[in-house]
$ cat start05.tsv   # TSV, C-alpha atoms and all ligand atoms
chain	number	residue	atom	x	y	z
A	1	MET	CA	12.81	-21.14	-25.55
A	2	ALA	CA	11.87	-23.30	-22.62
A	3	ASN	CA	12.51	-21.72	-19.28
A	4	LEU	CA	13.01	-24.66	-16.96
A	5	ALA	CA	13.45	-22.63	-13.79
A	6	LEU	CA	10.23	-20.73	-14.47
A	7	ASP	CA	8.34	-23.93	-15.28
A	8	ALA	CA	9.50	-25.57	-12.07
A	9	LEU	CA	8.55	-22.52	-10.09
A	10	LEU	CA	5.10	-22.36	-11.67
A	11	ARG	CA	4.55	-26.04	-10.89
A	12	GLU	CA	5.34	-25.45	-7.25
A	13	PHE	CA	3.09	-22.42	-7.29
A	14	ASP	CA	0.23	-24.36	-8.87
A	15	ASP	CA	0.60	-27.12	-6.31
A	16	LYS	CA	-0.23	-24.46	-3.74
A	17	ARG	CA	3.01	-24.99	-1.90
A	18	PRO	CA	3.91	-21.94	0.20
A	19	ARG	CA	7.49	-22.46	-0.91
A	20	GLY	CA	6.36	-21.75	-4.46
A	21	LEU	CA	4.83	-18.46	-3.39
A	22	ALA	CA	7.90	-17.56	-1.32
A	23	ARG	CA	10.19	-18.25	-4.27
A	24	ALA	CA	7.94	-16.35	-6.66
A	25	ILE	CA	8.13	-13.27	-4.44
A	26	SER	CA	11.91	-13.62	-4.26
A	27	TRP	CA	12.03	-13.69	-8.05
A	28	ALA	CA	9.99	-10.52	-8.17
A	29	GLU	CA	12.31	-8.91	-5.63
A	30	SER	CA	15.34	-9.73	-7.72
A	31	GLY	CA	13.78	-8.06	-10.76
A	32	ARG	CA	12.57	-11.26	-12.47
A	33	GLY	CA	8.86	-10.60	-11.99
A	34	ALA	CA	7.93	-9.96	-15.62
A	35	ASP	CA	7.69	-13.56	-16.92
A	36	LEU	CA	6.02	-14.77	-13.76
A	37	ILE	CA	3.40	-12.05	-13.79
A	38	ALA	CA	2.78	-12.65	-17.49
A	39	HIS	CA	1.84	-16.23	-16.65
A	40	LEU	CA	-0.16	-15.55	-13.55
A	41	TYR	CA	-1.87	-12.28	-14.43
A	42	PRO	CA	-5.09	-13.87	-15.73
A	43	ARG	CA	-5.69	-15.33	-12.25
A	44	ILE	CA	-5.60	-12.15	-10.26
A	45	GLY	CA	-8.49	-10.01	-9.06
A	46	ARG	CA	-10.04	-12.33	-6.48
A	47	ALA	CA	-8.31	-11.26	-3.28
A	48	MET	CA	-9.54	-8.65	-0.87
A	49	THR	CA	-6.61	-6.26	-0.51
A	50	ILE	CA	-6.24	-4.12	2.58
A	51	GLY	CA	-3.57	-1.47	3.08
A	52	LEU	CA	-2.64	-0.46	6.60
A	53	THR	CA	-0.56	2.62	7.20
A	54	GLY	CA	0.21	4.91	10.09
A	55	PRO	CA	3.06	6.38	12.12
A	56	PRO	CA	5.73	4.21	13.75
A	57	GLY	CA	4.53	2.43	16.86
A	58	VAL	CA	0.82	3.13	16.40
A	59	GLY	CA	0.16	-0.61	16.48
A	60	LYS	CA	0.02	-1.56	12.80
A	61	SER	CA	1.61	-4.97	13.30
A	62	THR	CA	-0.56	-5.71	16.31
A	63	LEU	CA	-3.58	-4.68	14.25
A	64	SER	CA	-2.40	-6.87	11.37
A	65	SER	CA	-2.15	-9.79	13.71
A	66	ALA	CA	-5.64	-9.14	15.08
A	67	LEU	CA	-7.07	-8.82	11.56
A	68	VAL	CA	-5.37	-12.05	10.53
A	69	LYS	CA	-7.00	-13.75	13.50
A	70	LYS	CA	-10.39	-12.35	12.51
A	71	ALA	CA	-10.03	-13.41	8.87
A	72	ARG	CA	-8.91	-16.89	9.94
A	73	SER	CA	-11.94	-17.19	12.20
A	74	LEU	CA	-14.02	-16.63	9.06
A	75	GLY	CA	-12.11	-19.39	7.30
A	76	LYS	CA	-10.21	-17.05	5.00
A	77	THR	CA	-6.59	-17.59	3.95
A	78	VAL	CA	-4.40	-14.55	4.47
A	79	GLY	CA	-1.19	-13.02	3.15
A	80	VAL	CA	0.61	-10.28	5.05
A	81	ILE	CA	3.24	-8.07	3.44
A	82	SER	CA	5.06	-5.88	5.86
A	83	VAL	CA	7.09	-3.24	4.12
A	84	ASP	CA	10.34	-2.29	5.74
A	85	PRO	CA	11.34	1.28	4.95
A	86	SER	CA	14.97	0.13	4.76
A	87	SER	CA	16.28	2.69	7.17
A	88	PRO	CA	19.12	1.78	9.46
A	89	PHE	CA	16.68	2.29	12.31
A	90	SER	CA	14.08	-0.14	11.10
A	91	HIS	CA	15.63	-3.41	12.17
A	92	GLY	CA	13.96	-3.21	15.54
A	93	ALA	CA	10.62	-2.52	13.88
A	94	LEU	CA	11.03	-5.49	11.61
A	95	LEU	CA	11.87	-7.68	14.54
A	96	GLY	CA	8.83	-6.25	16.31
A	97	ASP	CA	6.66	-7.14	13.32
A	98	ARG	CA	7.96	-10.67	13.40
A	99	ILE	CA	7.31	-11.03	17.13
A	100	ARG	CA	3.79	-9.66	16.86
A	101	LEU	CA	2.91	-12.00	14.06
A	102	THR	CA	4.47	-15.13	15.58
A	103	GLU	CA	1.19	-16.65	16.66
A	104	HIS	CA	0.35	-17.05	12.97
A	105	PHE	CA	3.71	-18.52	11.91
A	106	VAL	CA	2.60	-22.12	12.30
A	107	ASP	CA	-0.71	-21.60	10.48
A	108	PRO	CA	-0.25	-22.94	6.92
A	109	ASP	CA	-3.09	-20.69	5.71
A	110	VAL	CA	-1.27	-17.53	6.73
A	111	PHE	CA	1.64	-16.39	4.61
A	112	ILE	CA	3.82	-13.62	6.04
A	113	ARG	CA	6.47	-11.74	4.14
A	114	SER	CA	8.65	-8.74	4.95
A	115	MET	CA	9.90	-6.69	2.06
A	116	ALA	CA	12.24	-3.78	1.62
A	117	SER	CA	11.01	-0.63	-0.05
A	118	ARG	CA	14.44	0.24	-1.39
A	119	GLY	CA	15.01	2.34	-4.43
A	120	HIS	CA	11.61	3.87	-4.64
A	121	LEU	CA	11.78	7.43	-3.33
A	122	GLY	CA	10.90	6.21	0.13
A	123	GLY	CA	7.77	4.59	-1.20
A	124	LEU	CA	6.79	1.06	-1.98
A	125	SER	CA	8.89	-0.93	-4.38
A	126	GLY	CA	7.50	-2.40	-7.57
A	127	ALA	CA	8.16	-5.75	-5.95
A	128	THR	CA	5.49	-4.96	-3.36
A	129	ALA	CA	2.92	-4.61	-6.12
A	130	ASP	CA	4.20	-7.87	-7.61
A	131	ALA	CA	3.90	-9.60	-4.24
A	132	VAL	CA	0.27	-8.48	-3.91
A	133	MET	CA	-0.47	-9.88	-7.38
A	134	LEU	CA	1.37	-13.12	-6.60
A	135	MET	CA	-0.50	-13.66	-3.35
A	136	ASP	CA	-3.76	-12.97	-5.15
A	137	ALA	CA	-2.89	-15.39	-7.96
A	138	PHE	CA	-1.82	-17.97	-5.38
A	139	GLY	CA	-5.41	-17.90	-4.15
A	140	LEU	CA	-5.09	-16.15	-0.80
A	141	ASP	CA	-8.44	-14.61	0.13
A	142	VAL	CA	-7.12	-11.57	1.96
A	143	VAL	CA	-3.88	-9.67	1.36
A	144	LEU	CA	-2.86	-7.21	4.03
A	145	ILE	CA	-0.09	-4.70	3.30
A	146	GLU	CA	1.45	-2.95	6.29
A	147	THR	CA	3.64	0.07	5.74
A	148	VAL	CA	4.91	2.78	7.99
A	149	GLY	CA	3.56	6.19	7.04
A	150	VAL	CA	6.62	8.02	5.77
A	151	GLY	CA	5.29	10.35	3.09
A	152	GLN	CA	5.11	8.73	-0.31
A	153	SER	CA	4.38	5.18	0.76
A	154	GLU	CA	0.95	5.83	2.23
A	155	ILE	CA	-0.20	7.45	-0.97
A	156	GLU	CA	1.06	4.45	-2.89
A	157	ILE	CA	-0.62	1.99	-0.60
A	158	ALA	CA	-3.94	3.57	-1.56
A	159	GLU	CA	-3.12	2.83	-5.20
A	160	LEU	CA	-2.31	-0.74	-4.40
A	161	ALA	CA	-5.05	-1.76	-1.98
A	162	GLN	CA	-8.81	-1.75	-2.36
A	163	THR	CA	-9.35	-0.56	1.17
A	164	THR	CA	-6.94	1.72	2.98
A	165	LEU	CA	-6.80	1.87	6.76
A	166	VAL	CA	-5.04	4.81	8.37
A	167	ALA	CA	-4.14	4.10	11.98
A	168	LEU	CA	-3.70	7.06	14.29
A	169	GLN	CA	-2.12	7.38	17.68
A	170	PRO	CA	-3.94	9.13	20.54
A	171	GLY	CA	-2.08	11.96	22.27
A	172	SER	CA	0.37	12.54	19.45
A	173	GLY	CA	-1.07	15.37	17.38
A	174	ASP	CA	-1.78	12.85	14.63
A	175	SER	CA	-5.00	14.50	13.52
A	176	ILE	CA	-3.11	17.65	12.57
A	177	GLN	CA	-0.57	15.57	10.67
A	178	VAL	CA	-3.40	13.95	8.79
A	179	LEU	CA	-4.70	17.26	7.47
A	180	LYS	CA	-1.21	18.44	6.61
A	181	ALA	CA	-0.18	15.35	4.74
A	182	GLY	CA	-3.40	14.99	2.78
A	183	ILE	CA	-3.95	11.57	4.24
A	184	MET	CA	-7.61	12.43	4.64
A	185	GLU	CA	-7.96	11.69	0.95
A	186	ILE	CA	-6.57	8.21	1.09
A	187	ALA	CA	-8.23	6.91	4.27
A	188	ASP	CA	-11.22	4.69	3.66
A	189	ILE	CA	-11.24	3.89	7.33
A	190	PHE	CA	-9.59	5.73	10.20
A	191	VAL	CA	-8.47	3.50	13.02
A	192	VAL	CA	-7.92	5.10	16.39
A	193	ASN	CA	-5.83	2.36	17.93
A	194	LYS	CA	-4.85	2.22	21.60
A	195	ALA	CA	-8.44	3.06	22.50
A	196	ASP	CA	-7.36	2.42	26.10
A	197	HIS	CA	-5.24	5.57	25.92
A	198	PRO	CA	-6.69	8.53	27.90
A	199	MET	CA	-6.57	10.78	24.80
A	200	ALA	CA	-8.32	8.29	22.49
A	201	ASN	CA	-11.74	9.95	22.68
A	202	GLN	CA	-10.26	13.35	22.03
A	203	LEU	CA	-8.59	12.04	18.89
A	204	ARG	CA	-11.90	10.57	17.78
A	205	ARG	CA	-13.59	13.97	18.27
A	206	GLU	CA	-10.81	15.69	16.33
A	207	ILE	CA	-11.19	13.32	13.40
A	208	ARG	CA	-14.97	13.77	13.43
A	209	ALA	CA	-14.53	17.55	13.48
A	210	MET	CA	-12.07	17.36	10.60
A	211	MET	CA	-14.49	15.27	8.60
A	212	GLU	CA	-17.22	17.83	9.10
A	213	MET	CA	-15.06	20.40	7.36
A	214	LEU	CA	-14.93	18.22	4.28
A	215	SER	CA	-17.48	17.14	1.75
A	216	PHE	CA	-17.14	13.70	0.29
A	217	SER	CA	-18.31	12.29	-2.96
A	218	GLY	CA	-19.24	8.66	-2.58
A	219	TRP	CA	-17.72	6.80	0.34
A	220	VAL	CA	-17.50	8.67	3.63
A	221	PRO	CA	-14.57	7.33	5.69
A	222	GLU	CA	-15.52	5.26	8.69
A	223	LEU	CA	-13.88	5.58	12.04
A	224	ALA	CA	-13.07	2.55	14.15
A	225	MET	CA	-11.78	2.53	17.72
A	226	THR	CA	-9.58	-0.47	18.43
A	227	GLN	CA	-7.42	-1.97	21.08
A	228	ALA	CA	-5.29	-4.19	18.94
A	229	VAL	CA	-3.59	-5.92	21.87
A	230	THR	CA	-6.85	-7.20	23.33
A	231	GLY	CA	-8.79	-7.48	20.08
A	232	ASP	CA	-11.42	-4.96	21.23
A	233	GLY	CA	-13.05	-3.20	18.29
A	234	ILE	CA	-11.62	-5.60	15.69
A	235	ASP	CA	-15.08	-6.94	14.83
A	236	ASP	CA	-16.27	-3.38	14.18
A	237	LEU	CA	-13.19	-2.67	12.11
A	238	TRP	CA	-13.81	-5.80	10.06
A	239	ARG	CA	-17.43	-4.76	9.53
A	240	ALA	CA	-16.24	-1.37	8.29
A	241	ILE	CA	-13.82	-3.06	5.86
A	242	ASP	CA	-16.63	-5.30	4.67
A	243	SER	CA	-18.98	-2.41	4.06
A	244	HIS	CA	-16.29	-0.59	2.11
A	245	VAL	CA	-15.87	-3.64	-0.11
A	246	VAL	CA	-19.65	-3.79	-0.60
A	247	TYR	CA	-19.66	-0.09	-1.44
A	248	LEU	CA	-16.87	-0.54	-4.00
A	249	ASN	CA	-18.74	-3.33	-5.73
A	250	GLU	CA	-22.22	-1.84	-5.65
A	251	SER	CA	-21.14	1.62	-6.80
A	252	GLY	CA	-18.92	0.26	-9.54
A	253	GLU	CA	-16.08	2.22	-7.96
A	254	ILE	CA	-14.09	-1.02	-7.92
A	255	SER	CA	-13.49	-0.89	-11.66
A	256	ARG	CA	-12.31	2.71	-11.48
A	257	LYS	CA	-9.99	1.70	-8.64
A	258	ARG	CA	-8.64	-1.22	-10.65
A	259	ARG	CA	-8.04	1.00	-13.68
A	260	GLU	CA	-6.21	3.54	-11.55
A	261	ALA	CA	-4.12	0.88	-9.85
A	262	PHE	CA	-3.25	-0.54	-13.24
A	263	ALA	CA	-2.28	2.87	-14.60
A	264	HIS	CA	-0.21	3.46	-11.48
A	265	GLN	CA	1.71	0.22	-11.91
A	266	VAL	CA	2.30	0.78	-15.60
A	267	ARG	CA	3.48	4.32	-14.91
A	268	GLN	CA	5.87	3.14	-12.18
A	269	LEU	CA	7.32	0.42	-14.39
A	270	ALA	CA	7.67	2.60	-17.46
A	271	LEU	CA	9.11	5.56	-15.56
A	272	GLY	CA	11.51	3.30	-13.70
A	273	ARG	CA	12.96	1.93	-16.90
A	274	LEU	CA	13.02	5.28	-18.60
A	275	GLN	CA	14.76	6.84	-15.64
A	276	ALA	CA	17.42	4.16	-15.56
A	277	ARG	CA	18.18	4.68	-19.26
A	278	LEU	CA	18.09	8.43	-18.87
A	279	GLU	CA	20.55	8.35	-15.98
A	280	ARG	CA	22.99	6.29	-17.98
A	281	HIS	CA	22.67	8.63	-20.93
A	282	LEU	CA	23.04	11.75	-18.80
A	283	TYR	CA	26.36	10.70	-17.44
A	284	ASP	CA	27.83	9.05	-20.49
A	285	ASP	CA	26.59	10.97	-23.49
A	286	THR	CA	25.15	14.36	-22.68
A	287	ARG	CA	27.09	17.20	-24.26
A	288	ILE	CA	27.97	19.78	-21.70
A	289	ASP	CA	28.64	22.45	-24.32
A	290	LEU	CA	24.84	22.83	-24.80
A	291	ASP	CA	22.48	24.85	-22.66
A	292	PRO	CA	20.22	22.66	-20.49
A	293	TYR	CA	17.13	23.14	-22.74
A	294	ALA	CA	19.00	22.14	-25.86
A	295	ALA	CA	20.61	19.24	-23.99
A	296	ALA	CA	17.17	18.06	-22.80
A	297	ASP	CA	15.90	18.21	-26.41
A	298	GLU	CA	18.85	16.19	-27.52
A	299	VAL	CA	18.40	13.59	-24.79
A	300	LEU	CA	14.71	13.22	-25.63
A	301	ALA	CA	15.46	12.98	-29.34
A	302	HIS	CA	17.77	10.11	-28.45
A	303	PHE	CA	14.70	8.34	-27.04
A	304	GLY	CA	12.56	9.21	-30.01
A	305	VAL	CA	10.75	12.19	-28.47
A	306	TYR	CA	10.98	15.31	-30.66
A	307	GLY	CA	9.90	18.90	-30.45
A	308	GLY	CA	10.04	21.29	-27.53
A	309	GLU	CA	6.43	20.65	-26.52
A	310	GLU	CA	5.16	22.20	-23.34
A	311	PRO	CA	4.71	19.57	-20.64
A	312	GLU	CA	1.08	18.46	-20.50
A	313	PRO	CA	-0.68	18.96	-17.19
A	314	ALA	CA	-0.49	15.68	-15.30
A	315	LEU	CA	-3.13	13.52	-16.96
A	316	ALA	CA	-3.25	11.10	-14.14
A	317	ALA	CA	-3.64	13.63	-11.34
A	318	ALA	CA	-5.80	11.81	-8.83
A	319	ARG	CA	-9.32	13.10	-8.54
A	320	PRO	CA	-9.61	14.48	-5.03
A	321	ARG	CA	-12.15	12.49	-3.06
A	322	ALA	CA	-12.63	15.08	-0.40
A	323	VAL	CA	-12.56	18.84	-0.63
A	324	VAL	CA	-12.43	21.37	2.14
A	325	ARG	CA	-15.80	23.10	2.32
A	326	GLY	CA	-15.80	26.74	1.39
A	327	LEU	CA	-12.22	26.80	0.20
A	328	THR	CA	-12.61	25.43	-3.28
A	329	GLY	CA	-16.12	26.42	-4.27
A	330	HIS	CA	-16.78	22.84	-5.33
A	331	ASP	CA	-18.74	21.61	-2.37
A	332	GLY	CA	-22.32	20.52	-2.36
B	401	LIG	N1	-1.94	0.24	25.12
B	401	LIG	C1	-1.98	-0.29	23.91
B	401	LIG	N2	-0.82	-0.63	23.31
B	401	LIG	C2	-0.90	-1.16	22.08
B	401	LIG	C3	-2.12	-1.35	21.40
B	401	LIG	N3	-1.85	-1.89	20.18
B	401	LIG	C4	-0.52	-2.02	20.11
B	401	LIG	N4	0.08	-1.58	21.24
B	401	LIG	C5	1.50	-1.57	21.57
B	401	LIG	O1	2.16	-0.58	20.79
B	401	LIG	C6	3.50	-0.99	20.50
B	401	LIG	C7	3.77	-0.88	19.02
B	401	LIG	O2	2.97	-1.85	18.34
B	401	LIG	P1	3.31	-2.34	16.87
B	401	LIG	O3	2.18	-3.21	16.47
B	401	LIG	O4	4.67	-2.88	16.78
B	401	LIG	O5	3.27	-0.97	16.09
B	401	LIG	P2	3.68	-0.69	14.58
B	401	LIG	O6	2.82	0.43	14.13
B	401	LIG	O7	3.65	-1.95	13.79
B	401	LIG	O8	5.16	-0.21	14.73
B	401	LIG	P3	6.27	-0.05	13.58
B	401	LIG	O9	6.21	-1.29	12.72
B	401	LIG	O10	7.52	0.08	14.35
B	401	LIG	O11	5.92	1.20	12.84
B	401	LIG	C8	3.64	-2.41	21.04
B	401	LIG	O12	4.27	-2.35	22.28
B	401	LIG	C9	2.20	-2.86	21.18
B	401	LIG	O13	2.03	-3.83	22.18
B	401	LIG	C10	-3.32	-1.00	22.08
B	401	LIG	O14	-4.44	-1.14	21.57
B	401	LIG	N5	-3.19	-0.46	23.32
B	402	MG	MG	5.05	-2.85	12.56

$ encode --input "start05.tsv" --output "structure tokens"
Amino acid sequence: MANLALDALLREFDDKRPRGLARAISWAESGRGADLIAHLYPRIGRAMTIGLTGPPGVGKSTLSSALVKKARSLGKTVGVISVDPSSPFSHGALLGDRIRLTEHFVDPDVFIRSMASRGHLGGLSGATADAVMLMDAFGLDVVLIETVGVGQSEIEIAELAQTTLVALQPGSGDSIQVLKAGIMEIADIFVVNKADHPMANQLRREIRAMMEMLSFSGWVPELAMTQAVTGDGIDDLWRAIDSHVVYLNESGEISRKRREAFAHQVRQLALGRLQARLERHLYDDTRIDLDPYAAADEVLAHFGVYGGEEPEPALAAARPRAVVRGLTGHDG
């Protein structure tokens, strides 16, 4: 059956009209991404994707703006996705993002989009992954995804982006948070922003010291000192991003990353649908005269899964990139 709306949208998209991209992302946000992605999927895989995460106020949006400027100076087209954690407190942040990115609003080669992360355990929504694919398929050279570090979302950003930047705030105890939250494992590049802050060098030393306690296989995270407001250090940061991209390609790590990202997206989509059906079933049809084990068996049988098998250990458990020396016996 002909889908006129989809055809019209794809025409606009193919004509490289930003409106086509904007509408495509809106489709994805309203849960209509499947047909679109099916059409555009063969075109993806060209864009350089950069994830940027860090605590509120560390300067992510200012950094985004500085990176956009840098990429534009190299003649690259850029997409920016800034993920709004959908909290009642985030409106100011979103406004802040808009203000800090205003200088790029009139540039037709920069496409900026804010998205909500609703409905995804505080993480990134499936629509964010769709938006990255759409920007890539649209032909943007660089896609930058900014998200506030609130637990789950920074882990997800590492699944979504080729290169993950973790921005840290001097004088805030951030380095301790990093160890606690396991962010060490997702950072390809640490960015100590606000390098003008009196505690900036101390934070740099703390990160260096932390890195000495770890042994890395493959890429060793770089550390960049930036002053996003003035643009100081942005060239160095860009060089670090570039060398990470070179590393990914030369080591072949890029294909492993792509496979993992793919598995992640498939898992999210499949689990999302399964969960929705399960929830409906749980409330409407589950017999409460059974014990929970028997009820779980019955629910699963309803979905075609039989037998009280033991749960498999998580197949997709991410391979740790860094291990603490001496604690695991795996170093060296
Ligand atoms: N001194 C100093 N201030 C900076 C620097 N970079 C950013 N800022 C300031 O830090 C504040 C927060 O910057 P944002 O870019 O909005 O930070 P953010 O991480 O995007 O914040 P949220 O989106 O709210 O999480 C702003 O007032 C910036 O001007 C810097 O290098 N030095
Ligand atoms: Mg921001």

$ closest_residue --input "start05.tsv" --among "A:Asp15, A:Glu279, A:Asp232, A:Glu185" --to "ligand LIG 401 (chain B)" --atoms "only C-alpha atoms and all ligand atoms"
A:Asp232

$ atom_distance --input "start05.tsv" --atom1 "atom CA of Ser243 of chain A" --atom2 "atom C8 of ligand LIG 401 (chain B)"
28.3 Å

$ closest_residue --input "start05.tsv" --among "A:Ala22, A:Val110, A:Ala167, A:Met48" --to "ligand MG 402 (chain B)" --atoms "only C-alpha atoms and all ligand atoms"
A:Ala167

$ residues_near_ligand --input "start05.tsv" --ligand "ligand LIG 401 (chain B)" --cutoff "7 Å" --atoms "only C-alpha atoms and all ligand atoms" --output "list in words"
Gly54, Pro55, Pro56, Gly57, Val58, Gly59, Lys60, Ser61, Thr62, Leu63, Ala93, Leu94, Gly96, Asp97, Arg100, Val148, Asn193, Lys194, Ala195, Asp196, His197, Thr226, Gln227, Ala228, Val229 and Thr230 of chain A

$ residues_around --input "start05.tsv" --residues "Leu269 of chain A" --least-positions-apart "6" --cutoff "10 Å" --atoms "all atoms listed in the file" --output "PyMOL selection string"
chain A and resi 126+263+275

$ closest_residue --input "start05.tsv" --among "A:Glu146, A:Asp174, A:Asp297, A:Glu253" --to "Ser65 of chain A" --atoms "all atoms listed in the file"
A:Glu146

$ closest_residue --input "start05.tsv" --among "A:Val83, A:Val220, A:Val299, A:Ala47" --to "ligand MG 402 (chain B)" --atoms "only C-alpha atoms and all ligand atoms"
A:Val83

$ decode --input "start05.tsv" --residues "segment 40-88 of chain A" --atoms "C-alpha atoms" --output "CSV table (one decimal), in the first residue's frame"
chain,number,residue,atom,x,y,z
A,40,LEU,CA,17.0,5.1,5.3
A,41,TYR,CA,19.0,2.5,7.0
A,42,PRO,CA,21.2,1.6,4.0
A,43,ARG,CA,22.6,5.2,4.1
A,44,ILE,CA,23.8,5.3,7.6
A,45,GLY,CA,27.3,4.7,8.9
A,46,ARG,CA,29.1,7.8,7.5
A,47,ALA,CA,28.8,10.3,10.3
A,48,MET,CA,31.2,10.8,13.1
A,49,THR,CA,29.2,10.5,16.3
A,50,ILE,CA,30.3,12.1,19.5
A,51,GLY,CA,28.6,11.7,22.9
A,52,LEU,CA,29.1,14.3,25.5
A,53,THR,CA,28.0,13.7,29.1
A,54,GLY,CA,28.7,15.2,32.5
A,55,PRO,CA,27.1,16.7,35.5
A,56,PRO,CA,24.6,19.6,35.3
A,57,GLY,CA,26.4,22.9,34.7
A,58,VAL,CA,29.8,21.5,33.8
A,59,GLY,CA,29.6,23.3,30.5
A,60,LYS,CA,28.3,20.6,28.1
A,61,SER,CA,26.3,23.0,26.0
A,62,THR,CA,29.1,25.6,25.9
A,63,LEU,CA,31.4,22.8,24.8
A,64,SER,CA,29.0,21.6,22.2
A,65,SER,CA,28.8,25.1,20.8
A,66,ALA,CA,32.6,25.3,20.7
A,67,LEU,CA,32.9,21.9,19.0
A,68,VAL,CA,30.3,23.0,16.5
A,69,LYS,CA,32.4,26.0,15.7
A,70,LYS,CA,35.5,23.9,15.3
A,71,ALA,CA,33.7,21.4,13.0
A,72,ARG,CA,32.3,24.2,10.9
A,73,SER,CA,35.7,25.8,10.6
A,74,LEU,CA,36.8,22.4,9.0
A,75,GLY,CA,33.9,22.7,6.6
A,76,LYS,CA,31.9,19.9,8.3
A,77,THR,CA,28.1,19.9,8.6
A,78,VAL,CA,26.9,19.2,12.2
A,79,GLY,CA,23.9,17.9,14.0
A,80,VAL,CA,23.4,18.5,17.7
A,81,ILE,CA,21.0,16.5,19.8
A,82,SER,CA,20.5,17.8,23.3
A,83,VAL,CA,18.7,15.3,25.5
A,84,ASP,CA,16.4,16.8,28.1
A,85,PRO,CA,16.0,14.6,31.1
A,86,SER,CA,12.4,15.6,31.3
A,87,SER,CA,12.5,16.6,34.9
A,88,PRO,CA,10.4,19.5,36.1
